$ cat coords_37.pdb   # PDB, N, CA and C atoms
ATOM      1  N   MET A   1       0.836  -1.184   0.000
ATOM      2  CA  MET A   1       0.000   0.000   0.000
ATOM      3  C   MET A   1       0.882   1.249   0.000
ATOM      4  N   SER A   2       0.621   2.140  -0.912
ATOM      5  CA  SER A   2       1.395   3.379  -0.982
ATOM      6  C   SER A   2       0.913   4.387   0.047
ATOM      7  N   GLU A   3       1.890   5.093   0.598
ATOM      8  CA  GLU A   3       1.619   6.180   1.524
ATOM      9  C   GLU A   3       2.435   7.384   1.069
ATOM     10  N   LEU A   4       2.053   8.551   1.533
ATOM     11  CA  LEU A   4       2.786   9.760   1.204
ATOM     12  C   LEU A   4       3.961   9.900   2.164
ATOM     13  N   TRP A   5       5.163  10.016   1.611
ATOM     14  CA  TRP A   5       6.386  10.075   2.404
ATOM     15  C   TRP A   5       7.079  11.419   2.239
ATOM     16  N   ASN A   6       7.707  11.878   3.319
ATOM     17  CA  ASN A   6       8.648  12.991   3.255
ATOM     18  C   ASN A   6      10.031  12.421   3.528
ATOM     19  N   VAL A   7      10.933  12.643   2.593
ATOM     20  CA  VAL A   7      12.318  12.232   2.753
ATOM     21  C   VAL A   7      13.152  13.509   2.807
ATOM     22  N   ARG A   8      13.829  13.728   3.940
ATOM     23  CA  ARG A   8      14.765  14.862   4.052
ATOM     24  C   ARG A   8      16.150  14.280   3.859
ATOM     25  N   ALA A   9      16.785  14.681   2.756
ATOM     26  CA  ALA A   9      18.034  14.048   2.366
ATOM     27  C   ALA A   9      19.116  15.071   2.074
ATOM     28  N   GLU A  10      20.338  14.625   2.282
ATOM     29  CA  GLU A  10      21.501  15.395   1.853
ATOM     30  C   GLU A  10      21.749  15.009   0.399
ATOM     31  N   ILE A  11      21.890  16.008  -0.453
ATOM     32  CA  ILE A  11      21.968  15.802  -1.900
ATOM     33  C   ILE A  11      23.284  16.371  -2.437
ATOM     34  N   MET A  12      23.882  15.666  -3.378
ATOM     35  CA  MET A  12      25.031  16.196  -4.123
ATOM     36  C   MET A  12      24.544  16.505  -5.531
ATOM     37  N   VAL A  13      24.738  17.755  -5.956
ATOM     38  CA  VAL A  13      24.313  18.206  -7.280
ATOM     39  C   VAL A  13      25.529  18.629  -8.089
ATOM     40  N   GLN A  14      25.308  19.002  -9.313
ATOM     41  CA  GLN A  14      26.387  19.458 -10.178
ATOM     42  C   GLN A  14      26.663  20.951  -9.945
ATOM     43  N   PRO A  15      27.919  21.401 -10.035
ATOM     44  CA  PRO A  15      28.266  22.801  -9.740
ATOM     45  C   PRO A  15      27.491  23.823 -10.567
ATOM     46  N   GLU A  16      27.108  23.468 -11.775
ATOM     47  CA  GLU A  16      26.404  24.417 -12.644
ATOM     48  C   GLU A  16      24.897  24.455 -12.388
ATOM     49  N   ASP A  17      24.391  23.619 -11.504
ATOM     50  CA  ASP A  17      22.949  23.543 -11.285
ATOM     51  C   ASP A  17      22.383  24.710 -10.484
ATOM     52  N   PHE A  18      23.202  25.346  -9.673
ATOM     53  CA  PHE A  18      22.747  26.472  -8.861
ATOM     54  C   PHE A  18      23.757  27.603  -8.977
ATOM     55  N   ALA A  19      23.269  28.821  -8.930
ATOM     56  CA  ALA A  19      24.113  30.003  -9.115
ATOM     57  C   ALA A  19      25.275  30.058  -8.125
ATOM     58  N   SER A  20      25.072  29.552  -6.929
ATOM     59  CA  SER A  20      26.125  29.585  -5.904
ATOM     60  C   SER A  20      27.294  28.680  -6.260
ATOM     61  N   GLY A  21      27.062  27.688  -7.097
ATOM     62  CA  GLY A  21      28.096  26.717  -7.408
ATOM     63  C   GLY A  21      28.250  25.649  -6.338
ATOM     64  N   ASP A  22      27.501  25.780  -5.246
ATOM     65  CA  ASP A  22      27.563  24.781  -4.176
ATOM     66  C   ASP A  22      27.054  23.445  -4.707
ATOM     67  N   THR A  23      27.635  22.373  -4.216
ATOM     68  CA  THR A  23      27.262  21.052  -4.698
ATOM     69  C   THR A  23      26.631  20.170  -3.626
ATOM     70  N   LEU A  24      26.620  20.613  -2.374
ATOM     71  CA  LEU A  24      26.013  19.830  -1.304
ATOM     72  C   LEU A  24      24.923  20.626  -0.610
ATOM     73  N   GLY A  25      23.868  19.943  -0.230
ATOM     74  CA  GLY A  25      22.795  20.621   0.479
ATOM     75  C   GLY A  25      21.738  19.629   0.929
ATOM     76  N   PHE A  26      20.717  20.170   1.565
ATOM     77  CA  PHE A  26      19.604  19.361   2.047
ATOM     78  C   PHE A  26      18.331  19.775   1.336
ATOM     79  N   MET A  27      17.410  18.823   1.246
ATOM     80  CA  MET A  27      16.157  19.080   0.552
ATOM     81  C   MET A  27      15.089  18.146   1.121
ATOM     82  N   ASN A  28      13.862  18.661   1.235
ATOM     83  CA  ASN A  28      12.702  17.820   1.508
ATOM     84  C   ASN A  28      12.156  17.353   0.176
ATOM     85  N   ILE A  29      11.813  16.068   0.114
ATOM     86  CA  ILE A  29      11.219  15.498  -1.082
ATOM     87  C   ILE A  29       9.968  14.741  -0.646
ATOM     88  N   VAL A  30       8.856  14.967  -1.330
ATOM     89  CA  VAL A  30       7.596  14.312  -1.003
ATOM     90  C   VAL A  30       7.203  13.420  -2.177
ATOM     91  N   THR A  31       6.880  12.161  -1.864
ATOM     92  CA  THR A  31       6.477  11.216  -2.904
ATOM     93  C   THR A  31       5.658  10.082  -2.290
ATOM     94  N   TRP A  32       4.963   9.363  -3.145
ATOM     95  CA  TRP A  32       4.203   8.182  -2.732
ATOM     96  C   TRP A  32       5.093   6.957  -2.842
ATOM     97  N   ALA A  33       5.030   6.085  -1.822
ATOM     98  CA  ALA A  33       5.808   4.846  -1.833
ATOM     99  C   ALA A  33       5.237   3.895  -0.786
ATOM    100  N   SER A  34       5.672   2.650  -0.856
ATOM    101  CA  SER A  34       5.197   1.658   0.105
ATOM    102  C   SER A  34       6.099   1.540   1.328
ATOM    103  N   SER A  35       7.302   2.153   1.272
ATOM    104  CA  SER A  35       8.225   2.124   2.401
ATOM    105  C   SER A  35       9.257   3.233   2.236
ATOM    106  N   ALA A  36      10.018   3.472   3.284
ATOM    107  CA  ALA A  36      11.091   4.470   3.205
ATOM    108  C   ALA A  36      12.109   4.069   2.144
ATOM    109  N   GLU A  37      12.400   2.786   2.065
ATOM    110  CA  GLU A  37      13.379   2.289   1.092
ATOM    111  C   GLU A  37      12.901   2.499  -0.342
ATOM    112  N   THR A  38      11.631   2.202  -0.596
ATOM    113  CA  THR A  38      11.132   2.389  -1.966
ATOM    114  C   THR A  38      11.010   3.869  -2.310
ATOM    115  N   ALA A  39      10.718   4.704  -1.322
ATOM    116  CA  ALA A  39      10.700   6.155  -1.570
ATOM    117  C   ALA A  39      12.084   6.631  -1.972
ATOM    118  N   GLN A  40      13.110   6.199  -1.242
ATOM    119  CA  GLN A  40      14.477   6.598  -1.559
ATOM    120  C   GLN A  40      14.890   6.085  -2.936
ATOM    121  N   GLU A  41      14.562   4.838  -3.253
ATOM    122  CA  GLU A  41      14.896   4.288  -4.574
ATOM    123  C   GLU A  41      14.221   5.077  -5.698
ATOM    124  N   LYS A  42      12.967   5.434  -5.502
ATOM    125  CA  LYS A  42      12.216   6.209  -6.495
ATOM    126  C   LYS A  42      12.876   7.568  -6.713
ATOM    127  N   ILE A  43      13.262   8.212  -5.618
ATOM    128  CA  ILE A  43      13.912   9.523  -5.699
ATOM    129  C   ILE A  43      15.280   9.409  -6.356
ATOM    130  N   GLU A  44      16.065   8.402  -5.963
ATOM    131  CA  GLU A  44      17.392   8.214  -6.563
ATOM    132  C   GLU A  44      17.292   8.002  -8.071
ATOM    133  N   HIS A  45      16.317   7.223  -8.496
ATOM    134  CA  HIS A  45      16.119   6.988  -9.932
ATOM    135  C   HIS A  45      15.801   8.302 -10.653
ATOM    136  N   TYR A  46      14.937   9.107 -10.063
ATOM    137  CA  TYR A  46      14.583  10.407 -10.636
ATOM    138  C   TYR A  46      15.800  11.333 -10.690
ATOM    139  N   PHE A  47      16.583  11.374  -9.600
ATOM    140  CA  PHE A  47      17.743  12.258  -9.532
ATOM    141  C   PHE A  47      18.819  11.890 -10.554
ATOM    142  N   LYS A  48      18.875  10.638 -10.966
ATOM    143  CA  LYS A  48      19.875  10.236 -11.962
ATOM    144  C   LYS A  48      19.751  11.053 -13.238
ATOM    145  N   SER A  49      18.536  11.472 -13.573
ATOM    146  CA  SER A  49      18.340  12.250 -14.800
ATOM    147  C   SER A  49      19.003  13.620 -14.714
ATOM    148  N   PHE A  50      19.309  14.088 -13.497
ATOM    149  CA  PHE A  50      19.995  15.367 -13.291
ATOM    150  C   PHE A  50      21.460  15.168 -12.920
ATOM    151  N   ASP A  51      21.887  13.915 -12.795
ATOM    152  CA  ASP A  51      23.203  13.558 -12.282
ATOM    153  C   ASP A  51      23.370  14.064 -10.841
ATOM    154  N   TRP A  52      22.287  13.942 -10.071
ATOM    155  CA  TRP A  52      22.292  14.245  -8.642
ATOM    156  C   TRP A  52      22.348  12.928  -7.879
ATOM    157  N   HIS A  53      22.819  13.004  -6.620
ATOM    158  CA  HIS A  53      22.959  11.795  -5.821
ATOM    159  C   HIS A  53      22.539  12.066  -4.380
ATOM    160  N   ILE A  54      21.871  11.103  -3.773
ATOM    161  CA  ILE A  54      21.561  11.191  -2.349
ATOM    162  C   ILE A  54      22.799  10.742  -1.588
ATOM    163  N   VAL A  55      23.321  11.644  -0.759
ATOM    164  CA  VAL A  55      24.487  11.334   0.065
ATOM    165  C   VAL A  55      24.034  10.592   1.321
ATOM    166  N   GLY A  56      22.911  11.013   1.872
ATOM    167  CA  GLY A  56      22.366  10.366   3.058
ATOM    168  C   GLY A  56      20.956  10.847   3.315
ATOM    169  N   VAL A  57      20.200  10.049   4.031
ATOM    170  CA  VAL A  57      18.834  10.409   4.400
ATOM    171  C   VAL A  57      18.829  10.774   5.879
ATOM    172  N   GLU A  58      18.440  12.012   6.169
ATOM    173  CA  GLU A  58      18.363  12.470   7.550
ATOM    174  C   GLU A  58      17.098  11.955   8.224
ATOM    175  N   GLU A  59      15.999  11.950   7.454
ATOM    176  CA  GLU A  59      14.721  11.507   8.007
ATOM    177  C   GLU A  59      13.818  11.064   6.865
ATOM    178  N   ALA A  60      13.056  10.012   7.119
ATOM    179  CA  ALA A  60      12.029   9.556   6.185
ATOM    180  C   ALA A  60      10.813   9.195   7.017
ATOM    181  N   LYS A  61       9.692   9.862   6.731
ATOM    182  CA  LYS A  61       8.495   9.585   7.532
ATOM    183  C   LYS A  61       7.247   9.670   6.680
ATOM    184  N   VAL A  62       6.242   8.905   7.109
ATOM    185  CA  VAL A  62       4.942   8.920   6.458
ATOM    186  C   VAL A  62       4.232  10.203   6.861
ATOM    187  N   LEU A  63       3.564  10.812   5.889
ATOM    188  CA  LEU A  63       2.829  12.055   6.137
ATOM    189  C   LEU A  63       1.330  11.777   6.235
ATOM    190  N   ASP A  64       0.667  12.576   7.022
ATOM    191  CA  ASP A  64      -0.787  12.530   7.134
ATOM    192  C   ASP A  64      -1.353  13.386   6.001
ATOM    193  N   VAL A  65      -2.021  12.764   5.046
ATOM    194  CA  VAL A  65      -2.515  13.495   3.870
ATOM    195  C   VAL A  65      -3.605  14.497   4.228
ATOM    196  N   ASP A  66      -4.231  14.347   5.387
ATOM    197  CA  ASP A  66      -5.296  15.267   5.796
ATOM    198  C   ASP A  66      -4.791  16.415   6.670
ATOM    199  N   HIS A  67      -3.531  16.358   7.066
ATOM    200  CA  HIS A  67      -2.971  17.394   7.926
ATOM    201  C   HIS A  67      -2.686  18.667   7.120
ATOM    202  N   ILE A  68      -2.919  19.808   7.720
ATOM    203  CA  ILE A  68      -2.573  21.097   7.097
ATOM    204  C   ILE A  68      -1.261  21.554   7.732
ATOM    205  N   TYR A  69      -0.204  21.531   6.938
ATOM    206  CA  TYR A  69       1.126  21.890   7.429
ATOM    207  C   TYR A  69       1.284  23.403   7.457
ATOM    208  N   GLU A  70       1.882  23.893   8.542
ATOM    209  CA  GLU A  70       2.029  25.339   8.723
ATOM    210  C   GLU A  70       2.989  25.962   7.717
ATOM    211  N   ASP A  71       4.061  25.265   7.398
ATOM    212  CA  ASP A  71       5.028  25.778   6.432
ATOM    213  C   ASP A  71       4.372  25.800   5.053
ATOM    214  N   GLU A  72       4.274  26.979   4.469
ATOM    215  CA  GLU A  72       3.547  27.153   3.203
ATOM    216  C   GLU A  72       4.139  26.322   2.069
ATOM    217  N   GLU A  73       5.465  26.324   1.960
ATOM    218  CA  GLU A  73       6.094  25.547   0.891
ATOM    219  C   GLU A  73       5.796  24.052   1.073
ATOM    220  N   PHE A  74       5.967  23.552   2.289
ATOM    221  CA  PHE A  74       5.755  22.134   2.547
ATOM    222  C   PHE A  74       4.293  21.748   2.338
ATOM    223  N   HIS A  75       3.388  22.600   2.767
ATOM    224  CA  HIS A  75       1.968  22.343   2.562
ATOM    225  C   HIS A  75       1.656  22.244   1.064
ATOM    226  N   GLY A  76       2.207  23.153   0.287
ATOM    227  CA  GLY A  76       2.009  23.113  -1.165
ATOM    228  C   GLY A  76       2.573  21.843  -1.782
ATOM    229  N   MET A  77       3.721  21.396  -1.283
ATOM    230  CA  MET A  77       4.326  20.163  -1.782
ATOM    231  C   MET A  77       3.410  18.969  -1.529
ATOM    232  N   THR A  78       2.857  18.902  -0.312
ATOM    233  CA  THR A  78       1.990  17.771   0.027
ATOM    234  C   THR A  78       0.699  17.807  -0.786
ATOM    235  N   GLU A  79       0.153  18.992  -1.005
ATOM    236  CA  GLU A  79      -1.067  19.097  -1.822
ATOM    237  C   GLU A  79      -0.820  18.642  -3.255
ATOM    238  N   ARG A  80       0.298  19.067  -3.828
ATOM    239  CA  ARG A  80       0.623  18.682  -5.206
ATOM    240  C   ARG A  80       0.838  17.176  -5.316
ATOM    241  N   ALA A  81       1.551  16.604  -4.356
ATOM    242  CA  ALA A  81       1.799  15.163  -4.379
ATOM    243  C   ALA A  81       0.512  14.384  -4.134
ATOM    244  N   ASN A  82      -0.332  14.898  -3.263
ATOM    245  CA  ASN A  82      -1.588  14.223  -2.953
ATOM    246  C   ASN A  82      -2.465  14.090  -4.199
ATOM    247  N   ALA A  83      -2.347  15.029  -5.111
ATOM    248  CA  ALA A  83      -3.146  15.024  -6.333
ATOM    249  C   ALA A  83      -2.546  14.155  -7.439
ATOM    250  N   ASN A  84      -1.302  13.670  -7.238
ATOM    251  CA  ASN A  84      -0.626  12.910  -8.280
ATOM    252  C   ASN A  84       0.205  11.784  -7.653
ATOM    253  N   PRO A  85      -0.275  10.553  -7.702
ATOM    254  CA  PRO A  85       0.441   9.447  -7.060
ATOM    255  C   PRO A  85       1.797   9.118  -7.687
ATOM    256  N   GLU A  86       2.105   9.687  -8.843
ATOM    257  CA  GLU A  86       3.407   9.473  -9.481
ATOM    258  C   GLU A  86       4.394  10.595  -9.180
ATOM    259  N   ALA A  87       3.955  11.621  -8.462
ATOM    260  CA  ALA A  87       4.757  12.824  -8.246
ATOM    261  C   ALA A  87       5.972  12.589  -7.353
ATOM    262  N   ILE A  88       7.012  13.338  -7.654
ATOM    263  CA  ILE A  88       8.174  13.482  -6.784
ATOM    264  C   ILE A  88       8.359  14.989  -6.666
ATOM    265  N   ILE A  89       7.987  15.542  -5.522
ATOM    266  CA  ILE A  89       7.992  16.994  -5.325
ATOM    267  C   ILE A  89       9.192  17.370  -4.464
ATOM    268  N   CYS A  90      10.062  18.201  -5.022
ATOM    269  CA  CYS A  90      11.277  18.621  -4.330
ATOM    270  C   CYS A  90      11.098  20.017  -3.763
ATOM    271  N   GLY A  91      11.534  20.194  -2.522
ATOM    272  CA  GLY A  91      11.489  21.496  -1.876
ATOM    273  C   GLY A  91      12.741  22.298  -2.194
ATOM    274  N   THR A  92      12.918  23.366  -1.466
ATOM    275  CA  THR A  92      14.072  24.248  -1.646
ATOM    276  C   THR A  92      15.365  23.500  -1.340
ATOM    277  N   PHE A  93      16.365  23.714  -2.166
ATOM    278  CA  PHE A  93      17.695  23.141  -1.962
ATOM    279  C   PHE A  93      18.462  24.096  -1.060
ATOM    280  N   HIS A  94      18.757  23.655   0.152
ATOM    281  CA  HIS A  94      19.515  24.461   1.128
ATOM    282  C   HIS A  94      20.968  24.021   1.070
ATOM    283  N   SER A  95      21.785  24.800   0.359
ATOM    284  CA  SER A  95      23.168  24.412   0.126
ATOM    285  C   SER A  95      24.083  24.878   1.245
ATOM    286  N   TYR A  96      25.260  24.271   1.280
ATOM    287  CA  TYR A  96      26.300  24.691   2.213
ATOM    288  C   TYR A  96      27.648  24.429   1.554
ATOM    289  N   LYS A  97      28.635  25.169   2.011
ATOM    290  CA  LYS A  97      29.989  25.037   1.478
ATOM    291  C   LYS A  97      30.755  24.025   2.313
ATOM    292  N   VAL A  98      31.606  23.283   1.643
ATOM    293  CA  VAL A  98      32.470  22.312   2.313
ATOM    294  C   VAL A  98      33.800  22.998   2.567
ATOM    295  N   ASN A  99      34.311  22.889   3.796
ATOM    296  CA  ASN A  99      35.616  23.528   4.126
ATOM    297  C   ASN A  99      36.758  22.719   3.607
TER     298      ASN A  99
END
$ encode --input "coords_37.pdb" --output "structure tokens"
Amino acid sequence: MSELWNVRAEIMVQPEDFASGDTLGFMNIVTWASSAETAQEKIEHYFKSFDWHIVGVEEAKVLDVDHIYEDEEFHGMTERANANPEAIICGTFHSYKVN
């Protein structure tokens, strides 16, 4: 049975993908899956098309589709995913520099 998942992951992207040139950051991703593992696999497959990679998963949890989330961006992500069982909705990429 598919459920709506939020995966907060550390992502490695290509230097030209963002104006900052940063290649590491965190992102919330919302998608339908039957488990945390299948959600991550689905996201990794999608990210391959951008040559992005999941470095690690900070948190993966099932979301309540009827809950109204206070964060406007996150609420919008859940609404969009709720309307499309094939969706992979990515939030803001929060980058950081490596020393």
$ select_by_dssp --input "coords_37.pdb" --residues "stretch 5-50 of chain A" --states "alpha helix (DSSP H)" --output "ChimeraX atom specification"
/A:36-48
$ select_by_dssp --input "coords_37.pdb" --residues "chain A" --states "strand (DSSP E)" --output "PyMOL selection string"
chain A and resi 3-12+24-33+53-62+88-90+94-96
$ closest_residue --input "coords_37.pdb" --among "A:Val98, A:Leu24, A:Ala19, A:Ala87" --to "A:Trp52" --atoms "only C-alpha atoms"
A:Leu24
$ resolve_selection --input "coords_37.pdb" --expression "the PyMOL selection byres ((chain A and resi 7) around 6.5)" --output "list of chain:residue names"
A:Trp5, A:Asn6, A:Arg8, A:Ala9, A:Met27, A:Asn28, A:Ile29, A:Val30, A:Thr31, A:Glu58, A:Glu59, A:Ala60, A:Lys61
$ closest_residue --input "coords_37.pdb" --among "A:Ile11, A:His94, A:Glu86, A:Ser2" --to "A:Ile54" --atoms "all atoms listed in the file"
A:Ile11
$ residues_around --input "coords_37.pdb" --residues "stretch 47-50 of chain A" --least-positions-apart "2" --cutoff "10 Å" --atoms "only C-alpha atoms" --output "list in words"
Ile11, Met12, Val13, Gln14, Asp17, Glu41, Lys42, Ile43, Glu44, His45, Trp52, His53 and Ile54 of chain A
$ resolve_selection --input "coords_37.pdb" --expression "the PyMOL selection byres ((chain A and resi 95) around 6)" --output "PDB file with N, CA and C atoms, in the frame of the given file"
ATOM      1  N   LEU A  24      26.620  20.613  -2.374  1.00  0.00           N
ATOM      2  CA  LEU A  24      26.013  19.830  -1.304  1.00  0.00           C
ATOM      3  C   LEU A  24      24.923  20.626  -0.610  1.00  0.00           C
ATOM      4  N   GLY A  25      23.868  19.943  -0.230  1.00  0.00           N
ATOM      5  CA  GLY A  25      22.795  20.621   0.479  1.00  0.00           C
ATOM      6  C   GLY A  25      21.738  19.629   0.929  1.00  0.00           C
ATOM      7  N   PHE A  26      20.717  20.170   1.565  1.00  0.00           N
ATOM      8  CA  PHE A  26      19.604  19.361   2.047  1.00  0.00           C
ATOM      9  C   PHE A  26      18.331  19.775   1.336  1.00  0.00           C
ATOM     10  N   PHE A  93      16.365  23.714  -2.166  1.00  0.00           N
ATOM     11  CA  PHE A  93      17.695  23.141  -1.962  1.00  0.00           C
ATOM     12  C   PHE A  93      18.462  24.096  -1.060  1.00  0.00           C
ATOM     13  N   HIS A  94      18.757  23.655   0.152  1.00  0.00           N
ATOM     14  CA  HIS A  94      19.515  24.461   1.128  1.00  0.00           C
ATOM     15  C   HIS A  94      20.968  24.021   1.070  1.00  0.00           C
ATOM     16  N   TYR A  96      25.260  24.271   1.280  1.00  0.00           N
ATOM     17  CA  TYR A  96      26.300  24.691   2.213  1.00  0.00           C
ATOM     18  C   TYR A  96      27.648  24.429   1.554  1.00  0.00           C
ATOM     19  N   LYS A  97      28.635  25.169   2.011  1.00  0.00           N
ATOM     20  CA  LYS A  97      29.989  25.037   1.478  1.00  0.00           C
ATOM     21  C   LYS A  97      30.755  24.025   2.313  1.00  0.00           C
TER      22      LYS A  97
END
$ closest_residue --input "coords_37.pdb" --among "A:Trp32, A:Val55, A:Phe18, A:Met1" --to "A:Asn84" --atoms "only C-alpha atoms"
A:Trp32
$ axis_aligned_box --input "coords_37.pdb" --around "stretch 4-13 of chain A" --padding-each-side "4 Å" --output "JSON"
{"center_x": 13.8, "center_y": 13.6, "center_z": -2.0, "size_x": 31.5, "size_y": 18.1, "size_z": 20.1}
$ closest_residue --input "coords_37.pdb" --among "A:Met77, A:Val57, A:Glu10, A:Ser34" --to "A:Gly91" --atoms "only C-alpha atoms"
A:Met77
$ closest_residue --input "coords_37.pdb" --among "A:Asn82, A:Glu73, A:Thr23, A:Ile68" --to "A:Leu4" --atoms "only N, CA and C atoms"
A:Asn82
$ decode --input "coords_37.pdb" --residues "stretch 65-82 of chain A" --atoms "N, CA, C and O atoms" --output "PDB file, in the first residue's frame"
ATOM      1  N   VAL A  65      -2.021  12.764   5.046  1.00  0.00           N
ATOM      2  CA  VAL A  65      -2.515  13.495   3.870  1.00  0.00           C
ATOM      3  C   VAL A  65      -3.605  14.497   4.228  1.00  0.00           C
ATOM      4  O   VAL A  65      -3.866  15.423   3.455  1.00  0.00           O
ATOM      5  N   ASP A  66      -4.231  14.347   5.387  1.00  0.00           N
ATOM      6  CA  ASP A  66      -5.296  15.267   5.796  1.00  0.00           C
ATOM      7  C   ASP A  66      -4.791  16.415   6.670  1.00  0.00           C
ATOM      8  O   ASP A  66      -5.545  17.336   6.962  1.00  0.00           O
ATOM      9  N   HIS A  67      -3.531  16.358   7.066  1.00  0.00           N
ATOM     10  CA  HIS A  67      -2.971  17.394   7.926  1.00  0.00           C
ATOM     11  C   HIS A  67      -2.686  18.667   7.120  1.00  0.00           C
ATOM     12  O   HIS A  67      -2.260  18.598   5.971  1.00  0.00           O
ATOM     13  N   ILE A  68      -2.919  19.808   7.720  1.00  0.00           N
ATOM     14  CA  ILE A  68      -2.573  21.097   7.097  1.00  0.00           C
ATOM     15  C   ILE A  68      -1.261  21.554   7.732  1.00  0.00           C
ATOM     16  O   ILE A  68      -1.215  21.883   8.916  1.00  0.00           O
ATOM     17  N   TYR A  69      -0.204  21.531   6.938  1.00  0.00           N
ATOM     18  CA  TYR A  69       1.126  21.890   7.429  1.00  0.00           C
ATOM     19  C   TYR A  69       1.284  23.403   7.457  1.00  0.00           C
ATOM     20  O   TYR A  69       0.870  24.098   6.529  1.00  0.00           O
ATOM     21  N   GLU A  70       1.882  23.893   8.542  1.00  0.00           N
ATOM     22  CA  GLU A  70       2.029  25.339   8.723  1.00  0.00           C
ATOM     23  C   GLU A  70       2.989  25.962   7.717  1.00  0.00           C
ATOM     24  O   GLU A  70       2.767  27.074   7.264  1.00  0.00           O
ATOM     25  N   ASP A  71       4.061  25.265   7.398  1.00  0.00           N
ATOM     26  CA  ASP A  71       5.028  25.778   6.432  1.00  0.00           C
ATOM     27  C   ASP A  71       4.372  25.800   5.053  1.00  0.00           C
ATOM     28  O   ASP A  71       3.951  24.762   4.533  1.00  0.00           O
ATOM     29  N   GLU A  72       4.274  26.979   4.469  1.00  0.00           N
ATOM     30  CA  GLU A  72       3.547  27.153   3.203  1.00  0.00           C
ATOM     31  C   GLU A  72       4.139  26.322   2.069  1.00  0.00           C
ATOM     32  O   GLU A  72       3.408  25.688   1.302  1.00  0.00           O
ATOM     33  N   GLU A  73       5.465  26.324   1.960  1.00  0.00           N
ATOM     34  CA  GLU A  73       6.094  25.547   0.891  1.00  0.00           C
ATOM     35  C   GLU A  73       5.796  24.052   1.073  1.00  0.00           C
ATOM     36  O   GLU A  73       5.400  23.371   0.120  1.00  0.00           O
ATOM     37  N   PHE A  74       5.967  23.552   2.289  1.00  0.00           N
ATOM     38  CA  PHE A  74       5.755  22.134   2.547  1.00  0.00           C
ATOM     39  C   PHE A  74       4.293  21.748   2.338  1.00  0.00           C
ATOM     40  O   PHE A  74       3.995  20.696   1.768  1.00  0.00           O
ATOM     41  N   HIS A  75       3.388  22.600   2.767  1.00  0.00           N
ATOM     42  CA  HIS A  75       1.968  22.343   2.562  1.00  0.00           C
ATOM     43  C   HIS A  75       1.656  22.244   1.064  1.00  0.00           C
ATOM     44  O   HIS A  75       0.937  21.343   0.622  1.00  0.00           O
ATOM     45  N   GLY A  76       2.207  23.153   0.287  1.00  0.00           N
ATOM     46  CA  GLY A  76       2.009  23.113  -1.165  1.00  0.00           C
ATOM     47  C   GLY A  76       2.573  21.843  -1.782  1.00  0.00           C
ATOM     48  O   GLY A  76       1.969  21.260  -2.699  1.00  0.00           O
ATOM     49  N   MET A  77       3.721  21.396  -1.283  1.00  0.00           N
ATOM     50  CA  MET A  77       4.326  20.163  -1.782  1.00  0.00           C
ATOM     51  C   MET A  77       3.410  18.969  -1.529  1.00  0.00           C
ATOM     52  O   MET A  77       3.207  18.132  -2.408  1.00  0.00           O
ATOM     53  N   THR A  78       2.857  18.902  -0.312  1.00  0.00           N
ATOM     54  CA  THR A  78       1.990  17.771   0.027  1.00  0.00           C
ATOM     55  C   THR A  78       0.699  17.807  -0.786  1.00  0.00           C
ATOM     56  O   THR A  78       0.218  16.765  -1.223  1.00  0.00           O
ATOM     57  N   GLU A  79       0.153  18.992  -1.005  1.00  0.00           N
ATOM     58  CA  GLU A  79      -1.067  19.097  -1.822  1.00  0.00           C
ATOM     59  C   GLU A  79      -0.820  18.642  -3.255  1.00  0.00           C
ATOM     60  O   GLU A  79      -1.641  17.937  -3.837  1.00  0.00           O
ATOM     61  N   ARG A  80       0.298  19.067  -3.828  1.00  0.00           N
ATOM     62  CA  ARG A  80       0.623  18.682  -5.206  1.00  0.00           C
ATOM     63  C   ARG A  80       0.838  17.176  -5.316  1.00  0.00           C
ATOM     64  O   ARG A  80       0.353  16.538  -6.248  1.00  0.00           O
ATOM     65  N   ALA A  81       1.551  16.604  -4.356  1.00  0.00           N
ATOM     66  CA  ALA A  81       1.799  15.163  -4.379  1.00  0.00           C
ATOM     67  C   ALA A  81       0.512  14.384  -4.134  1.00  0.00           C
ATOM     68  O   ALA A  81       0.306  13.328  -4.736  1.00  0.00           O
ATOM     69  N   ASN A  82      -0.332  14.898  -3.263  1.00  0.00           N
ATOM     70  CA  ASN A  82      -1.588  14.223  -2.953  1.00  0.00           C
ATOM     71  C   ASN A  82      -2.465  14.090  -4.199  1.00  0.00           C
ATOM     72  O   ASN A  82      -3.214  13.128  -4.339  1.00  0.00           O
TER      73      ASN A  82
END
